[in-house]
Amino acid sequence: MILQVNRLASALVVVALVEFLLLRLLIRLGPMLPARAEVAGLAQGAVFAGTAALNLAVILAIAGLFLVAALTPHRLLAGWVALTALAALALKLAPGADVLFIVYSGLALAAMVMVLVVAAARSVTGPDLTGLKDLSGLSFLLAGCFLAATVLGAYPVVAASAARLDWALPVAPFAPFAGEALAVVVALLTWAAYRPRWSRSAVVVATVLTALFLALALVRPWLVSTLAMWTVTFSLFLPFPVYALALGLFVYGVAALAQGDLDQRRQAYGLVLIALAGLKWDYSYLSLLSILGFMLLTFDKLQPRSVQLLLQGAQTTVFPAQVGDVGLPVSRFTQPPVQIAHPPQVAGGDLIASPAAGGDGSLRQPPIDLQGGAGLVGFRSLRQAFPLLSADHAARSVGDL
């Protein structure tokens, strides 16, 4: 199921990029195109393709929320995310309903708060809070800044919907600017928070896009400001070099993460969806991208600690298992693989395990039930190897691995 999440997220990223380029950008660049019939025909075809991509992206985003909810072991959070997806679907069927939009916004923002709280709670391993190292520091600050930026960006839109219903909400003219500043902080922290491996191709991509942004900002600053406002609701009130630096670090972090393992690619997909959504909460489609992107960033942290170890280790070397051997992923969170002697070779039925990497001591384990033939580890063996797993989590982990 983990692979299904990545595949759906990658498909959504491609479709959302098509929508962004052909619909949001092209519509704003339309007045600058030559007034010729051939160009007009191409533009209409591009807008049609962008609209189709928009509709497909909405379907994929809602399906992605249902899928992530199904894989979330926290029942309250899973139900809340599923309810948010249902509200988004209802809002697409009844556009313009202010009450429904306010309800959906409340559900969506509350779901994001719950995601962050559950992720932090799942990362705590003991009363000394040592487990918070997995979500602390810059990555936790990035998630918190994004959540605050989303709330600040959504507030004016929700307040406008409430005003049409004669519900008075406090006016907060500073909210969009504060949200934009926090979004810039998120972009600046991206590389430092996730620390992807060095990538020359990512440097090239980041350099090219940053250079294009600066060149266009110098030649047509009004055009850059207009496109930023209409596409991601950025007013660009900060100096252009700040945005250029944030863009370069963000693009490098995403491009480098996209070349990593499954977990890093999922984080890259989440960051791209967040960037494409921007702060435009007035479109439910873009708010769906924000929610799903945020959940992709914290997906592994929503699992129990024992499953987190499996997810973090499953991206590195996995030693092939044979009948009687337990093949476990190796990473900085797991111990070296343990080779189990075949039961017929051990007197009395006790299994003697010794580290495959060497060592002079023997580790006596209780009998492990290996089922399903070569390369498969039975349910009981996984429960005994990771006793913190509950029955449903262990069964799910066996299916995922």
# chains A, B, ... in the order shown; residues from 1 in each chain; ligands from 1

call {"tool": "select_by_dssp", "arguments": {"residues": "range 21-168 of chain A", "states": "alpha helix (DSSP H)", "output": "MDAnalysis selection string"}}
result
chainID A and resid 26:29 37:70 75:93 98:122 137:164

call {"tool": "residues_around", "arguments": {"residues": "Ala268 in chain A", "least_positions_apart": "6", "cutoff": "7 Å", "atoms": "only C-alpha atoms", "output": "mmCIF file with N, CA, C and O atoms, in the first residue's frame"}}
result
data_model
loop_
_atom_site.group_PDB
_atom_site.id
_atom_site.type_symbol
_atom_site.label_atom_id
_atom_site.label_comp_id
_atom_site.auth_asym_id
_atom_site.auth_seq_id
_atom_site.Cartn_x
_atom_site.Cartn_y
_atom_site.Cartn_z
ATOM 1 N N VAL A 254 13.489 19.925 -3.291
ATOM 2 C CA VAL A 254 12.511 19.036 -3.917
ATOM 3 C C VAL A 254 13.170 18.145 -4.967
ATOM 4 O O VAL A 254 12.927 16.932 -5.023
ATOM 5 N N LEU A 257 15.302 15.509 -3.238
ATOM 6 C CA LEU A 257 14.472 14.497 -2.592
ATOM 7 C C LEU A 257 13.842 13.565 -3.621
ATOM 8 O O LEU A 257 13.677 12.364 -3.362
ATOM 9 N N ALA A 258 13.486 14.097 -4.777
ATOM 10 C CA ALA A 258 12.860 13.278 -5.819
ATOM 11 C C ALA A 258 13.792 12.196 -6.344
ATOM 12 O O ALA A 258 13.330 11.222 -6.945
#

call {"tool": "closest_residue", "arguments": {"among": "A:Phe299, A:Ala187, A:Arg195, A:Val208", "to": "Leu67 in chain A", "atoms": "only C-alpha atoms"}}
result
A:Phe299

call {"tool": "residues_around", "arguments": {"residues": "Trp80 in chain A", "least_positions_apart": "2", "cutoff": "9 Å", "atoms": "only C-alpha atoms", "output": "list of chain:residue names"}}
result
A:Ala69, A:Arg75, A:Leu76, A:Leu77, A:Ala78, A:Ala82, A:Leu83, A:Thr84, A:Ala85, A:Leu107, A:Ala108, A:Ala110, A:Ala111, A:Met114

call {"tool": "write_last_selection", "arguments": {"atoms": "C-alpha atoms", "output": "PDB file, in the first residue's frame"}}
result
ATOM      1  CA  ALA A  69      -7.035   7.892   5.707  1.00  0.00           C
ATOM      2  CA  ARG A  75      -8.983   5.937  13.994  1.00  0.00           C
ATOM      3  CA  LEU A  76     -10.131   9.433  14.924  1.00  0.00           C
ATOM      4  CA  LEU A  77      -7.714  11.056  12.502  1.00  0.00           C
ATOM      5  CA  ALA A  78      -8.570   8.570   9.743  1.00  0.00           C
ATOM      6  CA  ALA A  82     -12.299  10.776   5.327  1.00  0.00           C
ATOM      7  CA  LEU A  83     -15.019  13.204   6.463  1.00  0.00           C
ATOM      8  CA  THR A  84     -12.968  16.093   5.057  1.00  0.00           C
ATOM      9  CA  ALA A  85     -12.704  14.293   1.720  1.00  0.00           C
ATOM     10  CA  LEU A 107     -12.810  20.228   8.834  1.00  0.00           C
ATOM     11  CA  ALA A 108      -9.749  20.631   6.618  1.00  0.00           C
ATOM     12  CA  ALA A 110      -8.717  20.810  11.959  1.00  0.00           C
ATOM     13  CA  ALA A 111      -7.507  17.733  10.085  1.00  0.00           C
ATOM     14  CA  MET A 114      -4.661  16.738  14.093  1.00  0.00           C
TER      15      MET A 114
END

call {"tool": "closest_residue", "arguments": {"among": "A:Val18, A:Ala175, A:Leu142, A:Ala94", "to": "Pro156 in chain A", "atoms": "only C-alpha atoms"}}
result
A:Ala175

call {"tool": "residues_around", "arguments": {"residues": "Ala11 in chain A", "least_positions_apart": "5", "cutoff": "9 Å", "atoms": "only C-alpha atoms", "output": "PyMOL selection string"}}
result
chain A and resi 6+16+57+60

call {"tool": "residues_around", "arguments": {"residues": "Ala217 in chain A", "least_positions_apart": "3", "cutoff": "12 Å", "atoms": "only C-alpha atoms", "output": "list in words"}}
result
Thr210, Ala211, Leu212, Phe213, Leu214, Arg220, Pro221, Trp222, Leu223, Val224, Ser225, Thr226, Leu227, Ala228, Leu236, Pro239, Phe240, Pro241, Tyr243 and Ala244 of chain A
